[in-house]
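As provided, work-v4.cif (mmCIF, C-alpha atoms, pLDDT in the B column; chains and numbers go by the auth columns) reads as follows.
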```cif
data_structure
#
loop_
_atom_site.group_PDB
_atom_site.id
_atom_site.type_symbol
_atom_site.label_atom_id
_atom_site.label_comp_id
_atom_site.label_asym_id
_atom_site.label_seq_id
_atom_site.Cartn_x
_atom_site.Cartn_y
_atom_site.Cartn_z
_atom_site.B_iso_or_equiv
_atom_site.auth_seq_id
_atom_site.auth_asym_id
ATOM 1 C CA MET A 1 3.733 -20.079 7.885 45.00 1 A
ATOM 2 C CA THR A 2 5.842 -18.420 10.563 44.00 2 A
ATOM 3 C CA ASN A 3 5.936 -14.745 11.197 47.00 3 A
ATOM 4 C CA LEU A 4 9.453 -14.493 9.891 40.00 4 A
ATOM 5 C CA THR A 5 8.672 -16.535 6.832 40.00 5 A
ATOM 6 C CA ARG A 6 5.640 -14.456 6.093 51.00 6 A
ATOM 7 C CA CYS A 7 7.578 -11.260 6.554 46.00 7 A
ATOM 8 C CA ILE A 8 10.346 -12.365 4.264 41.00 8 A
ATOM 9 C CA ALA A 9 7.910 -13.700 1.707 45.00 9 A
ATOM 10 C CA ALA A 10 5.991 -10.472 1.607 47.00 10 A
ATOM 11 C CA CYS A 11 9.195 -8.488 1.361 46.00 11 A
ATOM 12 C CA LEU A 12 10.654 -10.534 -1.423 39.00 12 A
ATOM 13 C CA LEU A 13 7.457 -10.878 -3.353 44.00 13 A
ATOM 14 C CA VAL A 14 6.605 -7.258 -3.292 46.00 14 A
ATOM 15 C CA ALA A 15 10.179 -6.381 -4.045 42.00 15 A
ATOM 16 C CA ALA A 16 9.844 -8.566 -7.083 37.00 16 A
ATOM 17 C CA CYS A 17 6.596 -6.868 -7.949 44.00 17 A
ATOM 18 C CA SER A 18 8.283 -3.549 -8.188 43.00 18 A
ATOM 19 C CA SER A 19 10.780 -4.723 -10.709 38.00 19 A
ATOM 20 C CA ALA A 20 9.354 -7.674 -12.554 37.00 20 A
ATOM 21 C CA PRO A 21 7.107 -6.138 -15.199 37.00 21 A
ATOM 22 C CA ALA A 22 8.582 -5.686 -18.661 34.00 22 A
ATOM 23 C CA ALA A 23 10.645 -2.632 -19.411 33.00 23 A
ATOM 24 C CA PRO A 24 11.262 -0.592 -16.311 32.00 24 A
ATOM 25 C CA GLU A 25 9.959 2.896 -16.514 34.00 25 A
ATOM 26 C CA VAL A 26 12.813 5.097 -15.424 33.00 26 A
ATOM 27 C CA ASP A 27 11.866 8.387 -13.971 35.00 27 A
ATOM 28 C CA ALA A 28 14.764 10.668 -14.700 34.00 28 A
ATOM 29 C CA MET A 29 13.958 12.623 -11.583 38.00 29 A
ATOM 30 C CA VAL A 30 14.492 9.630 -9.357 35.00 30 A
ATOM 31 C CA PRO A 31 18.011 8.247 -9.148 37.00 31 A
ATOM 32 C CA ALA A 32 17.963 4.494 -9.352 36.00 32 A
ATOM 33 C CA ASP A 33 19.953 4.113 -6.204 37.00 33 A
ATOM 34 C CA VAL A 34 17.852 6.262 -3.940 35.00 34 A
ATOM 35 C CA THR A 35 17.439 4.615 -0.597 38.00 35 A
ATOM 36 C CA VAL A 36 15.735 5.583 2.586 37.00 36 A
ATOM 37 C CA ALA A 37 19.101 6.588 3.948 38.00 37 A
ATOM 38 C CA ASP A 38 19.612 9.023 1.100 38.00 38 A
ATOM 39 C CA VAL A 39 16.477 11.038 1.339 35.00 39 A
ATOM 40 C CA PRO A 40 14.188 12.094 4.095 39.00 40 A
ATOM 41 C CA ALA A 41 11.445 9.561 4.345 36.00 41 A
ATOM 42 C CA ASP A 42 8.811 11.925 3.102 39.00 42 A
ATOM 43 C CA LEU A 43 10.773 13.779 0.476 38.00 43 A
ATOM 44 C CA GLY A 44 9.834 11.368 -2.236 39.00 44 A
ATOM 45 C CA ALA A 45 10.105 11.885 -5.936 39.00 45 A
ATOM 46 C CA PRO A 46 8.655 14.869 -7.722 37.00 46 A
ATOM 47 C CA SER A 47 6.117 12.549 -9.228 39.00 47 A
ATOM 48 C CA ASP A 48 5.002 11.701 -5.740 43.00 48 A
ATOM 49 C CA THR A 49 2.780 14.729 -5.761 43.00 49 A
ATOM 50 C CA PRO A 50 1.549 15.424 -2.288 46.00 50 A
ATOM 51 C CA VAL A 51 -2.098 15.924 -1.718 47.00 51 A
ATOM 52 C CA ALA A 52 -2.216 19.506 -0.621 42.00 52 A
ATOM 53 C CA VAL A 53 -3.243 19.834 2.957 42.00 53 A
ATOM 54 C CA ASP A 54 -6.065 22.168 2.037 41.00 54 A
ATOM 55 C CA THR A 55 -7.143 20.268 -1.042 45.00 55 A
ATOM 56 C CA PRO A 56 -10.336 18.327 -0.565 46.00 56 A
ATOM 57 C CA VAL A 57 -9.838 14.632 -1.170 54.00 57 A
ATOM 58 C CA ALA A 58 -12.748 12.433 -2.039 56.00 58 A
ATOM 59 C CA VAL A 59 -13.306 10.090 0.844 58.00 59 A
ATOM 60 C CA ASP A 60 -15.546 7.148 0.339 62.00 60 A
ATOM 61 C CA ALA A 61 -18.538 6.857 2.555 56.00 61 A
ATOM 62 C CA PRO A 62 -18.333 4.104 5.143 53.00 62 A
ATOM 63 C CA THR A 63 -19.726 0.776 4.056 53.00 63 A
ATOM 64 C CA GLU A 64 -21.670 -1.719 6.118 49.00 64 A
ATOM 65 C CA ALA A 65 -18.474 -3.487 6.985 49.00 65 A
ATOM 66 C CA ASP A 66 -17.237 -0.291 8.576 51.00 66 A
ATOM 67 C CA ALA A 67 -20.075 -0.115 11.043 50.00 67 A
ATOM 68 C CA SER A 68 -18.065 -1.376 14.021 63.00 68 A
ATOM 69 C CA ALA A 69 -15.069 0.836 13.374 67.00 69 A
ATOM 70 C CA PRO A 70 -14.756 4.253 14.903 81.00 70 A
ATOM 71 C CA ALA A 71 -15.501 7.129 12.563 88.00 71 A
ATOM 72 C CA TYR A 72 -12.781 7.786 10.044 92.00 72 A
ATOM 73 C CA PRO A 73 -10.717 10.790 11.115 93.00 73 A
ATOM 74 C CA ASP A 74 -11.548 14.089 9.515 93.00 74 A
ATOM 75 C CA GLY A 75 -9.238 15.666 6.997 91.00 75 A
ATOM 76 C CA PRO A 76 -7.494 17.468 5.627 93.00 76 A
ATOM 77 C CA TYR A 77 -5.937 14.446 4.051 97.00 77 A
ATOM 78 C CA GLY A 78 -2.554 13.997 2.486 96.00 78 A
ATOM 79 C CA ASN A 79 0.085 11.467 1.565 95.00 79 A
ATOM 80 C CA ARG A 80 3.024 12.831 3.529 95.00 80 A
ATOM 81 C CA MET A 81 4.289 11.882 6.931 95.00 81 A
ATOM 82 C CA GLY A 82 2.061 13.438 9.546 96.00 82 A
ATOM 83 C CA SER A 83 -0.930 13.608 7.219 96.00 83 A
ATOM 84 C CA VAL A 84 -4.117 11.655 7.640 97.00 84 A
ATOM 85 C CA LEU A 85 -4.283 9.171 4.777 97.00 85 A
ATOM 86 C CA ALA A 86 -7.595 9.397 2.950 97.00 86 A
ATOM 87 C CA ASN A 87 -10.071 6.562 3.167 97.00 87 A
ATOM 88 C CA LEU A 88 -10.511 4.856 -0.187 97.00 88 A
ATOM 89 C CA THR A 89 -12.686 1.969 -1.266 97.00 89 A
ATOM 90 C CA TRP A 90 -11.169 -0.897 -3.230 98.00 90 A
ATOM 91 C CA GLN A 91 -12.045 -4.247 -4.679 98.00 91 A
ATOM 92 C CA GLY A 92 -9.962 -7.361 -4.390 98.00 92 A
ATOM 93 C CA TYR A 93 -8.892 -9.960 -1.900 98.00 93 A
ATOM 94 C CA VAL A 94 -8.758 -9.342 1.827 96.00 94 A
ATOM 95 C CA ASN A 95 -6.167 -11.612 3.366 95.00 95 A
ATOM 96 C CA PRO A 96 -5.505 -10.629 6.968 91.00 96 A
ATOM 97 C CA THR A 97 -3.835 -13.875 7.992 91.00 97 A
ATOM 98 C CA GLY A 98 -1.501 -14.501 5.073 93.00 98 A
ATOM 99 C CA GLU A 99 -2.296 -18.189 5.188 89.00 99 A
ATOM 100 C CA ALA A 100 -3.209 -18.466 1.506 95.00 100 A
ATOM 101 C CA VAL A 101 -2.391 -16.978 -1.850 97.00 101 A
ATOM 102 C CA SER A 102 -4.806 -14.092 -1.957 97.00 102 A
ATOM 103 C CA ASN A 103 -6.743 -14.836 -5.126 96.00 103 A
ATOM 104 C CA THR A 104 -7.898 -18.116 -3.664 97.00 104 A
ATOM 105 C CA LEU A 105 -10.051 -15.995 -1.351 97.00 105 A
ATOM 106 C CA PRO A 106 -13.373 -14.298 -2.173 97.00 106 A
ATOM 107 C CA TYR A 107 -13.293 -11.199 -4.350 98.00 107 A
ATOM 108 C CA THR A 108 -14.889 -8.436 -2.354 97.00 108 A
ATOM 109 C CA THR A 109 -15.173 -4.729 -1.682 97.00 109 A
ATOM 110 C CA THR A 110 -13.274 -3.185 1.189 96.00 110 A
ATOM 111 C CA SER A 111 -11.834 0.119 2.281 96.00 111 A
ATOM 112 C CA LEU A 112 -9.084 1.521 4.401 95.00 112 A
ATOM 113 C CA GLN A 113 -11.742 2.154 7.021 94.00 113 A
ATOM 114 C CA ALA A 114 -12.849 -1.469 6.958 93.00 114 A
ATOM 115 C CA LEU A 115 -9.284 -2.699 7.233 92.00 115 A
ATOM 116 C CA ARG A 116 -8.714 -0.274 10.048 88.00 116 A
ATOM 117 C CA GLY A 117 -11.647 -1.715 11.891 72.00 117 A
ATOM 118 C CA SER A 118 -9.709 -4.905 12.483 59.00 118 A
ATOM 119 C CA GLY A 119 -8.361 -3.418 15.691 57.00 119 A
ATOM 120 C CA ARG A 120 -4.741 -3.825 14.687 62.00 120 A
ATOM 121 C CA GLY A 121 -2.227 -1.163 15.476 89.00 121 A
ATOM 122 C CA TYR A 122 -0.494 -0.306 12.228 94.00 122 A
ATOM 123 C CA ALA A 123 -1.019 -0.878 8.542 95.00 123 A
ATOM 124 C CA MET A 124 1.541 -0.943 5.789 96.00 124 A
ATOM 125 C CA VAL A 125 0.016 0.315 2.556 97.00 125 A
ATOM 126 C CA HIS A 126 2.049 -0.291 -0.569 95.00 126 A
ATOM 127 C CA VAL A 127 1.229 1.246 -3.933 95.00 127 A
ATOM 128 C CA SER A 128 2.365 -0.789 -6.919 92.00 128 A
ATOM 129 C CA GLU A 129 1.841 -0.541 -10.666 89.00 129 A
ATOM 130 C CA PHE A 130 1.620 -3.077 -13.429 82.00 130 A
ATOM 131 C CA LEU A 131 3.716 -1.938 -16.383 75.00 131 A
ATOM 132 C CA MET B 1 4.279 -8.807 10.796 79.00 1 B
ATOM 133 C CA LEU B 2 0.762 -10.172 10.507 79.00 2 B
ATOM 134 C CA ASP B 3 1.213 -12.255 13.626 77.00 3 B
ATOM 135 C CA ALA B 4 2.448 -9.194 15.446 78.00 4 B
ATOM 136 C CA GLY B 5 -0.803 -7.390 14.693 79.00 5 B
ATOM 137 C CA GLY B 6 0.098 -5.583 11.502 90.00 6 B
ATOM 138 C CA VAL B 7 -2.084 -5.093 8.459 93.00 7 B
ATOM 139 C CA ILE B 8 -0.512 -5.293 5.011 94.00 8 B
ATOM 140 C CA VAL B 9 -2.335 -3.754 2.077 96.00 9 B
ATOM 141 C CA GLU B 10 -1.044 -4.061 -1.456 96.00 10 B
ATOM 142 C CA VAL B 11 -2.814 -1.773 -3.928 97.00 11 B
ATOM 143 C CA LEU B 12 -2.229 -2.348 -7.615 96.00 12 B
ATOM 144 C CA ALA B 13 -2.815 1.235 -8.624 96.00 13 B
ATOM 145 C CA SER B 14 -2.400 1.163 -12.390 94.00 14 B
ATOM 146 C CA ASN B 15 -1.726 -0.901 -15.454 94.00 15 B
ATOM 147 C CA ALA B 16 0.460 1.228 -17.705 90.00 16 B
ATOM 148 C CA ASN B 17 -1.249 4.304 -16.259 88.00 17 B
ATOM 149 C CA ALA B 18 -4.715 2.887 -16.887 94.00 18 B
ATOM 150 C CA PRO B 19 -6.989 1.435 -14.239 96.00 19 B
ATOM 151 C CA PRO B 20 -6.048 -2.183 -13.595 96.00 20 B
ATOM 152 C CA THR B 21 -8.596 -4.916 -14.048 96.00 21 B
ATOM 153 C CA ARG B 22 -9.449 -7.884 -11.880 97.00 22 B
ATOM 154 C CA ASN B 23 -7.524 -10.039 -14.329 97.00 23 B
ATOM 155 C CA ASN B 24 -4.488 -7.793 -13.855 96.00 24 B
ATOM 156 C CA LEU B 25 -4.805 -8.214 -10.104 97.00 25 B
ATOM 157 C CA ASN B 26 -5.121 -11.977 -10.406 97.00 26 B
ATOM 158 C CA SER B 27 -2.060 -12.090 -12.609 96.00 27 B
ATOM 159 C CA TRP B 28 -0.168 -9.932 -10.156 94.00 28 B
ATOM 160 C CA ILE B 29 -1.053 -12.180 -7.244 96.00 29 B
ATOM 161 C CA THR B 30 -0.462 -15.440 -9.085 96.00 30 B
ATOM 162 C CA THR B 31 2.872 -14.413 -10.525 93.00 31 B
ATOM 163 C CA PHE B 32 4.283 -13.625 -7.134 90.00 32 B
ATOM 164 C CA GLY B 33 2.131 -15.865 -4.988 95.00 33 B
ATOM 165 C CA LEU B 34 1.101 -12.900 -2.880 95.00 34 B
ATOM 166 C CA PRO B 35 -0.253 -13.870 0.544 96.00 35 B
ATOM 167 C CA VAL B 36 -1.365 -10.369 1.549 96.00 36 B
ATOM 168 C CA THR B 37 -4.461 -8.262 1.029 97.00 37 B
ATOM 169 C CA ALA B 38 -4.323 -7.194 -2.613 98.00 38 B
ATOM 170 C CA LEU B 39 -6.670 -4.622 -4.086 98.00 39 B
ATOM 171 C CA ILE B 40 -7.503 -2.410 -7.041 98.00 40 B
ATOM 172 C CA ASP B 41 -9.660 0.666 -7.441 98.00 41 B
ATOM 173 C CA PRO B 42 -13.292 -0.087 -8.168 97.00 42 B
ATOM 174 C CA SER B 43 -14.398 0.454 -11.722 94.00 43 B
ATOM 175 C CA GLY B 44 -15.458 3.945 -12.604 95.00 44 B
ATOM 176 C CA VAL B 45 -13.000 5.873 -10.451 96.00 45 B
ATOM 177 C CA GLY B 46 -9.988 5.729 -12.723 95.00 46 B
ATOM 178 C CA THR B 47 -6.616 5.484 -11.037 95.00 47 B
ATOM 179 C CA ARG B 48 -7.797 7.133 -7.863 96.00 48 B
ATOM 180 C CA THR B 49 -5.304 5.432 -5.570 96.00 49 B
ATOM 181 C CA LEU B 50 -2.470 6.558 -7.790 94.00 50 B
ATOM 182 C CA THR B 51 -3.771 10.106 -7.774 94.00 51 B
ATOM 183 C CA THR B 52 -4.418 10.201 -4.055 96.00 52 B
ATOM 184 C CA TYR B 53 -1.582 8.173 -2.561 95.00 53 B
ATOM 185 C CA GLY B 54 1.163 8.594 -5.139 90.00 54 B
ATOM 186 C CA VAL B 55 3.243 6.630 -7.600 84.00 55 B
ATOM 187 C CA ARG B 56 4.270 3.016 -7.254 82.00 56 B
ATOM 188 C CA GLU B 57 6.560 2.043 -4.515 85.00 57 B
ATOM 189 C CA SER B 58 5.020 4.612 -2.221 92.00 58 B
ATOM 190 C CA THR B 59 4.932 2.704 1.043 95.00 59 B
ATOM 191 C CA PHE B 60 3.093 4.064 4.037 97.00 60 B
ATOM 192 C CA ILE B 61 2.877 2.963 7.629 97.00 61 B
ATOM 193 C CA VAL B 62 -0.341 4.257 9.116 96.00 62 B
ATOM 194 C CA ASP B 63 -1.377 4.356 12.756 95.00 63 B
ATOM 195 C CA LEU B 64 -4.788 2.732 12.616 93.00 64 B
ATOM 196 C CA ALA B 65 -6.027 4.682 15.605 91.00 65 B
ATOM 197 C CA THR B 66 -5.515 8.046 13.946 93.00 66 B
ATOM 198 C CA MET B 67 -4.886 7.089 10.294 95.00 67 B
ATOM 199 C CA VAL B 68 -1.864 9.364 10.398 96.00 68 B
ATOM 200 C CA VAL B 69 1.084 8.442 8.209 97.00 69 B
ATOM 201 C CA VAL B 70 3.877 7.752 10.688 97.00 70 B
ATOM 202 C CA PHE B 71 6.405 6.529 8.126 96.00 71 B
ATOM 203 C CA LYS B 72 6.698 6.828 4.387 95.00 72 B
ATOM 204 C CA VAL B 73 9.301 5.745 1.910 93.00 73 B
ATOM 205 C CA ASN B 74 9.457 5.756 -1.856 88.00 74 B
ATOM 206 C CA GLY B 75 11.232 2.829 -3.404 79.00 75 B
ATOM 207 C CA SER B 76 12.801 3.122 -6.803 75.00 76 B
ATOM 208 C CA VAL B 77 10.333 3.433 -9.667 72.00 77 B
ATOM 209 C CA ALA B 78 12.921 1.619 -11.780 74.00 78 B
ATOM 210 C CA GLY B 79 12.786 -1.445 -9.600 72.00 79 B
ATOM 211 C CA VAL B 80 16.394 -1.044 -8.565 76.00 80 B
ATOM 212 C CA GLY B 81 17.549 -1.499 -5.013 77.00 81 B
ATOM 213 C CA PRO B 82 15.488 -2.416 -2.014 80.00 82 B
ATOM 214 C CA SER B 83 11.761 -2.049 -2.428 84.00 83 B
ATOM 215 C CA GLY B 84 9.747 0.388 -0.393 85.00 84 B
ATOM 216 C CA VAL B 85 8.335 -2.530 1.527 87.00 85 B
ATOM 217 C CA ALA B 86 11.772 -3.880 2.356 88.00 86 B
ATOM 218 C CA GLN B 87 12.726 -0.482 3.678 90.00 87 B
ATOM 219 C CA ALA B 88 9.549 -0.125 5.702 91.00 88 B
ATOM 220 C CA ILE B 89 9.515 -3.560 7.329 91.00 89 B
ATOM 221 C CA PRO B 90 12.063 -2.786 10.064 92.00 90 B
ATOM 222 C CA ARG B 91 10.095 0.278 11.136 93.00 91 B
ATOM 223 C CA MET B 92 6.831 -1.656 11.015 93.00 92 B
ATOM 224 C CA LEU B 93 8.244 -4.405 13.208 92.00 93 B
ATOM 225 C CA GLU B 94 9.589 -1.823 15.602 93.00 94 B
ATOM 226 C CA LEU B 95 6.203 -0.129 15.876 93.00 95 B
ATOM 227 C CA LEU B 96 4.503 -3.460 16.430 90.00 96 B
ATOM 228 C CA GLY B 97 6.996 -4.406 19.087 89.00 97 B
ATOM 229 C CA ALA B 98 7.949 -7.497 17.159 78.00 98 B
ATOM 230 C CA PRO B 99 11.442 -9.000 17.391 68.00 99 B
#
```

Write the structure described by the file as C-alpha coordinates, please.
Amino acid sequence: MTNLTRCIAACLLVAACSSAPAAPEVDAMVPADVTVADVPADLGAPSDTPVAVDTPVAVDAPTEADASAPAYPDGPYGNRMGSVLANLTWQGYVNPTGEAVSNTLPYTTTSLQALRGSGRGYAMVHVSEFL
Amino acid sequence: MLDAGGVIVEVLASNANAPPTRNNLNSWITTFGLPVTALIDPSGVGTRTLTTYGVRESTFIVDLATMVVVFKVNGSVAGVGPSGVAQAIPRMLELLGAP
(Lines of atoms letter the chains of each structure in order from A and count residues from 1; the text may use other names and numbers.)
(Lines give C-alpha, C1' and ligand atoms only; values in the text may rest on other atoms or scores of the structure.)
Protein backbone atom coordinates (compact mmCIF):
# COMPACT_ATOMS: atom_id res chain seq x y z
CA MET A 1 0.00 0.00 0.00
CA THR A 2 1.54 3.33 -0.96
CA ASN A 3 1.82 6.26 1.33
CA LEU A 4 -0.74 8.18 -0.64
CA THR A 5 -3.11 5.27 -0.78
CA ARG A 6 -2.80 4.71 2.91
CA CYS A 7 -3.35 8.36 3.63
CA ILE A 8 -6.43 8.53 1.48
CA ALA A 9 -7.76 5.28 2.86
CA ALA A 10 -7.36 6.43 6.42
CA CYS A 11 -8.96 9.76 5.59
CA LEU A 12 -11.93 8.29 3.83
CA LEU A 13 -12.46 5.49 6.27
CA VAL A 14 -12.36 7.63 9.31
CA ALA A 15 -14.47 10.22 7.59
CA ALA A 16 -16.98 7.48 7.04
CA CYS A 17 -16.67 6.47 10.66
CA SER A 18 -17.78 9.84 11.80
CA SER A 19 -20.97 9.72 9.84
CA ALA A 20 -21.91 6.13 9.26
CA PRO A 21 -23.61 5.06 12.47
CA ALA A 22 -27.39 5.21 12.56
CA ALA A 23 -29.10 8.47 13.37
CA PRO A 24 -26.63 11.29 13.61
CA GLU A 25 -26.58 12.98 16.94
CA VAL A 26 -26.82 16.66 16.20
CA ASP A 27 -25.37 18.94 18.76
CA ALA A 28 -27.31 22.14 18.46
CA MET A 29 -24.28 24.04 19.63
CA VAL A 30 -22.21 22.88 16.71
CA PRO A 31 -23.25 24.08 13.27
CA ALA A 32 -23.14 21.25 10.80
CA ASP A 33 -20.96 23.16 8.43
CA VAL A 34 -18.24 24.15 10.83
CA THR A 35 -14.87 23.73 9.22
CA VAL A 36 -11.36 24.39 10.33
CA ALA A 37 -11.46 27.60 8.36
CA ASP A 38 -14.46 28.80 10.32
CA VAL A 39 -13.20 28.43 13.81
CA PRO A 40 -9.87 28.66 15.49
CA ALA A 41 -8.41 25.22 15.61
CA ASP A 42 -8.73 24.95 19.34
CA LEU A 43 -12.04 26.69 19.84
CA GLY A 44 -14.00 23.51 19.49
CA ALA A 45 -17.55 22.91 20.50
CA PRO A 46 -18.87 23.64 23.96
CA SER A 47 -19.12 19.94 24.49
CA ASP A 48 -15.42 19.72 23.88
CA THR A 49 -14.82 20.57 27.49
CA PRO A 50 -11.21 21.40 28.02
CA VAL A 51 -9.33 19.72 30.76
CA ALA A 52 -8.54 22.60 33.03
CA VAL A 53 -4.88 23.32 33.14
CA ASP A 54 -4.83 23.02 36.90
CA THR A 55 -7.12 20.02 37.07
CA PRO A 56 -5.32 16.81 37.86
CA VAL A 57 -5.79 14.23 35.14
CA ALA A 58 -5.32 10.58 35.87
CA VAL A 59 -2.28 9.43 34.00
CA ASP A 60 -1.67 5.76 33.67
CA ALA A 61 1.53 4.41 35.05
CA PRO A 62 4.04 3.33 32.43
CA THR A 63 3.82 -0.28 31.39
CA GLU A 64 6.65 -2.65 30.57
CA ALA A 65 6.36 -1.72 26.94
CA ASP A 66 7.12 1.86 27.89
CA ALA A 67 10.46 1.02 29.41
CA SER A 68 12.54 2.25 26.46
CA ALA A 69 10.64 5.49 26.03
CA PRO A 70 11.67 8.65 27.79
CA ALA A 71 9.58 9.57 30.80
CA TYR A 72 6.18 10.92 29.94
CA PRO A 73 6.16 14.70 30.30
CA ASP A 74 4.75 16.11 33.49
CA GLY A 75 1.43 17.88 33.54
CA PRO A 76 -0.63 19.84 33.87
CA TYR A 77 -2.45 18.09 31.09
CA GLY A 78 -5.14 19.34 28.80
CA ASN A 79 -6.80 18.82 25.46
CA ARG A 80 -6.21 22.22 23.88
CA MET A 81 -3.48 23.35 21.57
CA GLY A 82 -0.34 23.94 23.57
CA SER A 83 -1.36 21.52 26.31
CA VAL A 84 0.38 18.28 27.10
CA LEU A 85 -2.01 15.48 26.19
CA ALA A 86 -2.45 13.06 29.07
CA ASN A 87 -1.10 9.55 28.81
CA LEU A 88 -3.90 6.99 28.73
CA THR A 89 -3.85 3.23 28.53
CA TRP A 90 -6.02 1.45 25.98
CA GLN A 91 -6.78 -1.98 24.65
CA GLY A 92 -7.07 -2.89 21.02
CA TYR A 93 -4.98 -3.36 17.93
CA VAL A 94 -1.64 -1.67 17.39
CA ASN A 95 -1.04 -1.26 13.69
CA PRO A 96 1.96 0.97 13.07
CA THR A 97 2.51 -0.06 9.46
CA GLY A 98 -1.02 0.00 8.08
CA GLU A 99 -0.34 -3.13 6.10
CA ALA A 100 -3.37 -5.04 7.40
CA VAL A 101 -6.88 -4.49 8.62
CA SER A 102 -6.28 -3.89 12.29
CA ASN A 103 -8.41 -6.60 13.86
CA THR A 104 -6.38 -9.24 12.10
CA LEU A 105 -3.59 -8.29 14.50
CA PRO A 106 -3.21 -9.34 18.16
CA TYR A 107 -5.48 -7.70 20.71
CA THR A 108 -3.24 -6.04 23.24
CA THR A 109 -2.79 -3.30 25.80
CA THR A 110 -0.98 -0.13 24.87
CA SER A 111 -0.77 3.50 25.86
CA LEU A 112 0.04 6.86 24.41
CA GLN A 113 3.42 6.51 26.09
CA ALA A 114 4.05 3.17 24.41
CA LEU A 115 3.04 4.54 21.03
CA ARG A 116 5.24 7.52 21.63
CA GLY A 117 8.16 5.26 22.26
CA SER A 118 8.21 4.30 18.61
CA GLY A 119 10.54 7.20 17.94
CA ARG A 120 8.27 8.80 15.38
CA GLY A 121 7.85 12.52 15.25
CA TYR A 122 4.13 13.19 15.38
CA ALA A 123 0.97 11.31 16.21
CA MET A 124 -2.53 11.97 15.02
CA VAL A 125 -5.03 10.95 17.69
CA HIS A 126 -8.64 10.78 16.59
CA VAL A 127 -11.54 10.36 18.98
CA SER A 128 -14.57 8.64 17.50
CA GLU A 129 -17.85 7.34 18.90
CA PHE A 130 -20.12 4.50 17.96
CA LEU A 131 -23.73 5.69 17.96
CA MET B 1 1.63 9.46 6.61
CA LEU B 2 2.81 6.23 8.20
CA ASP B 3 5.67 5.95 5.75
CA ALA B 4 6.64 9.50 6.55
CA GLY B 5 7.05 8.60 10.21
CA GLY B 6 3.63 9.48 11.55
CA VAL B 7 1.62 7.56 14.11
CA ILE B 8 -2.14 7.30 13.67
CA VAL B 9 -4.27 6.40 16.67
CA GLU B 10 -8.00 5.87 16.38
CA VAL B 11 -9.77 5.69 19.74
CA LEU B 12 -13.35 4.48 19.79
CA ALA B 13 -14.33 6.43 22.87
CA SER B 14 -17.95 5.46 23.40
CA ASN B 15 -20.88 3.41 22.24
CA ALA B 16 -23.95 5.60 22.69
CA ASN B 17 -22.19 7.25 25.63
CA ALA B 18 -21.35 3.91 27.23
CA PRO B 19 -17.94 2.28 27.21
CA PRO B 20 -17.43 0.42 23.94
CA THR B 21 -16.67 -3.27 23.96
CA ARG B 22 -14.13 -5.28 22.04
CA ASN B 23 -16.96 -6.44 19.80
CA ASN B 24 -17.84 -2.80 19.10
CA LEU B 25 -14.23 -2.14 18.17
CA ASN B 26 -14.11 -5.17 15.90
CA SER B 27 -17.29 -4.07 14.20
CA TRP B 28 -15.91 -0.58 13.79
CA ILE B 29 -12.72 -1.85 12.20
CA THR B 30 -14.40 -4.44 10.00
CA THR B 31 -17.07 -2.11 8.71
CA PHE B 32 -14.54 0.38 7.48
CA GLY B 33 -11.58 -1.90 6.96
CA LEU B 34 -9.46 0.29 9.20
CA PRO B 35 -5.72 -0.18 8.69
CA VAL B 36 -4.63 2.01 11.62
CA THR B 37 -4.09 1.49 15.32
CA ALA B 38 -7.58 1.23 16.80
CA LEU B 39 -8.24 1.21 20.52
CA ILE B 40 -10.82 1.40 23.29
CA ASP B 41 -10.60 2.21 26.97
CA PRO B 42 -9.83 -0.78 29.15
CA SER B 43 -12.73 -2.17 31.11
CA GLY B 44 -13.40 -0.54 34.43
CA VAL B 45 -12.49 3.03 33.53
CA GLY B 46 -15.72 4.06 31.86
CA THR B 47 -15.43 6.46 28.96
CA ARG B 48 -12.18 7.93 30.17
CA THR B 49 -10.88 8.92 26.75
CA LEU B 50 -14.09 10.78 26.06
CA THR B 51 -13.85 12.58 29.37
CA THR B 52 -10.18 13.41 29.03
CA TYR B 53 -9.73 14.12 25.33
CA GLY B 54 -13.18 15.30 24.30
CA VAL B 55 -16.09 14.37 22.09
CA ARG B 56 -15.89 12.47 18.84
CA GLU B 57 -14.16 14.01 15.95
CA SER B 58 -11.65 15.65 18.24
CA THR B 59 -8.47 15.22 16.24
CA PHE B 60 -5.11 16.02 17.76
CA ILE B 61 -1.63 16.20 16.33
CA VAL B 62 0.86 15.65 19.10
CA ASP B 63 4.60 16.22 19.05
CA LEU B 64 5.89 12.91 20.35
CA ALA B 65 8.97 14.50 21.84
CA THR B 66 7.00 16.75 24.16
CA MET B 67 3.46 15.31 23.92
CA VAL B 68 2.24 18.84 23.34
CA VAL B 69 -0.83 19.28 21.16
CA VAL B 70 0.45 21.25 18.18
CA PHE B 71 -2.78 21.11 16.18
CA LYS B 72 -6.36 20.35 17.05
CA VAL B 73 -9.56 20.37 15.07
CA ASN B 74 -13.09 19.31 15.84
CA GLY B 75 -14.97 17.78 12.98
CA SER B 76 -18.72 17.89 12.87
CA VAL B 77 -20.45 15.72 15.46
CA ALA B 78 -23.25 15.32 12.92
CA GLY B 79 -20.95 13.68 10.42
CA VAL B 80 -21.40 16.50 7.94
CA GLY B 81 -18.53 17.97 6.01
CA PRO B 82 -14.91 16.98 6.13
CA SER B 83 -13.91 14.84 9.06
CA GLY B 84 -11.45 16.02 11.65
CA VAL B 85 -8.92 13.63 10.21
CA ALA B 86 -9.36 15.00 6.70
CA GLN B 87 -8.76 18.47 8.05
CA ALA B 88 -5.71 17.42 10.03
CA ILE B 89 -3.94 15.40 7.34
CA PRO B 90 -2.45 18.37 5.46
CA ARG B 91 -0.94 19.73 8.67
CA MET B 92 0.33 16.30 9.65
CA LEU B 93 2.02 15.83 6.29
CA GLU B 94 3.53 19.28 6.56
CA LEU B 95 4.94 18.54 10.00
CA LEU B 96 6.34 15.24 8.79
CA GLY B 97 7.92 16.90 5.80
CA ALA B 98 6.01 14.63 3.48
CA PRO B 99 5.01 15.73 -0.03

Selection: 6 Å around region 12-19 of chain B, only C-alpha atoms, excl. self and same-chain fewer than 6 positions, as a count of residues only: 9

Residues of chain B within 6 Å of chain A, only C-alpha atoms counted, as an MDAnalysis selection string: chainID B and resid 1 3 5:16 32:42 53:64 67:74 76 78:80 83 86

Straight-line distance linking CA of Ala4 (chain B) with CA of Gln87 (chain B), stated in Å to one decimal: 17.9 Å

Computed interatomic separation between CA of Ile29 (chain B) and CA of Val85 (chain B) (Å): 16.1 Å

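Between CA of Pro76 (chain A) and CA of Val45 (chain B) the separation is 20.6 Å.
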